[in-house]
Amino acid sequence: MADAGHDDRADGRDETPNERADRNWDELLQELRVMQTGTQILTGFLLAVAFQPRFTDMDELQRDVYVVLVALAAVATILALAPVGMHRAFFGRRRKPDLVRIAARIVRIDLVVIGALTIGVTMLIVDFTVNRTAGLIALVASLVMVVALWLVLPHVTRGAARPGPAPKD
């Protein structure tokens with residue numbers, strides 16, 4: 001992910017601050033595209049669930065989880081669109097480095113929300129279709145996978161990088 005807090009000059013790139021901001025903005029847009037697609041799919045699924053005949057078969061906990069997941073889907077969508085709205089507000093004002101810095105933070109927050117949303121949807125589906133115990137196992141397994149792949153793996157691979165200046169995003 002593009003990280004405006006790092007000094008990209010240390011990676012040997014010969015670019016101006018504006019070129020770096022343009023490159024980082026392009027990378028953030030690619031990440032946002034992936035995030036928006038995933039969020040749209042999960043949101044569509046959640047919205048369709050309420051109109052299914054078996055929706056009324058959900059117990060109180062499942063309905064509560066469902067409402068929380070719909071709220072998380074809305075928050076994820078709003079967060080994913082925020083950098084685009086900011087780009088419109090900053091357009092032509094020579095504020096791209098500010099935009100990149102703020103958008104990178106928003107993307108990090110959105111990843112947390114999308115992670116929680118994905119974990120919750122997985123738990124809800126398994127809980128409803130199998131049973132509560134299986135749903136809790138799915139919740140823990142999903143949480144472990146998200147933490148392992150999104151936090152631990154990048155940390156471990158960053159530490160295992162070859163000596164010398166680390167490439168920056």
# chains A, B, ... in the order shown; residues from 1 in each chain; ligands from 1
>>> residues_around(residues="Asp59 of chain A", least_positions_apart="2", cutoff="12 Å", atoms="only C-alpha atoms", output="PyMOL selection string")
chain A and resi 54-57+61-66+124+127-128+131-132
>>> write_last_selection(atoms="C-alpha atoms", output="PDB file, in the first residue's frame")
ATOM      1  CA  ARG A  54     -35.731 -18.116   5.458  1.00  0.00           C
ATOM      2  CA  PHE A  55     -34.666 -14.703   6.819  1.00  0.00           C
ATOM      3  CA  THR A  56     -37.391 -14.999   9.458  1.00  0.00           C
ATOM      4  CA  ASP A  57     -35.810 -18.291  10.606  1.00  0.00           C
ATOM      5  CA  LEU A  61     -28.221 -13.298  17.689  1.00  0.00           C
ATOM      6  CA  GLN A  62     -28.117 -13.937  13.945  1.00  0.00           C
ATOM      7  CA  ARG A  63     -30.386 -10.946  13.264  1.00  0.00           C
ATOM      8  CA  ASP A  64     -28.240  -8.748  15.506  1.00  0.00           C
ATOM      9  CA  VAL A  65     -25.083  -9.905  13.725  1.00  0.00           C
ATOM     10  CA  TYR A  66     -26.807  -9.281  10.397  1.00  0.00           C
ATOM     11  CA  LEU A 124     -23.184 -15.705   9.986  1.00  0.00           C
ATOM     12  CA  ASP A 127     -23.893 -20.293  11.960  1.00  0.00           C
ATOM     13  CA  PHE A 128     -27.155 -20.174  10.019  1.00  0.00           C
ATOM     14  CA  ASN A 131     -24.910 -24.514  13.749  1.00  0.00           C
ATOM     15  CA  ARG A 132     -23.622 -22.055  16.355  1.00  0.00           C
TER      16      ARG A 132
END
>>> residues_around(residues="segment 109-116 of chain A", least_positions_apart="6", cutoff="7 Å", atoms="only C-alpha atoms", output="ChimeraX atom specification")
/A:72,76,79-80,146
>>> residues_around(residues="Val67 of chain A", least_positions_apart="3", cutoff="12 Å", atoms="only C-alpha atoms", output="PyMOL selection string")
chain A and resi 43+46-47+49-50+58+60-64+70-74+117+120-121+124
>>> atom_distance(atom1="atom CA of Arg105 of chain A", atom2="atom CA of Phe91 of chain A")
19.0 Å
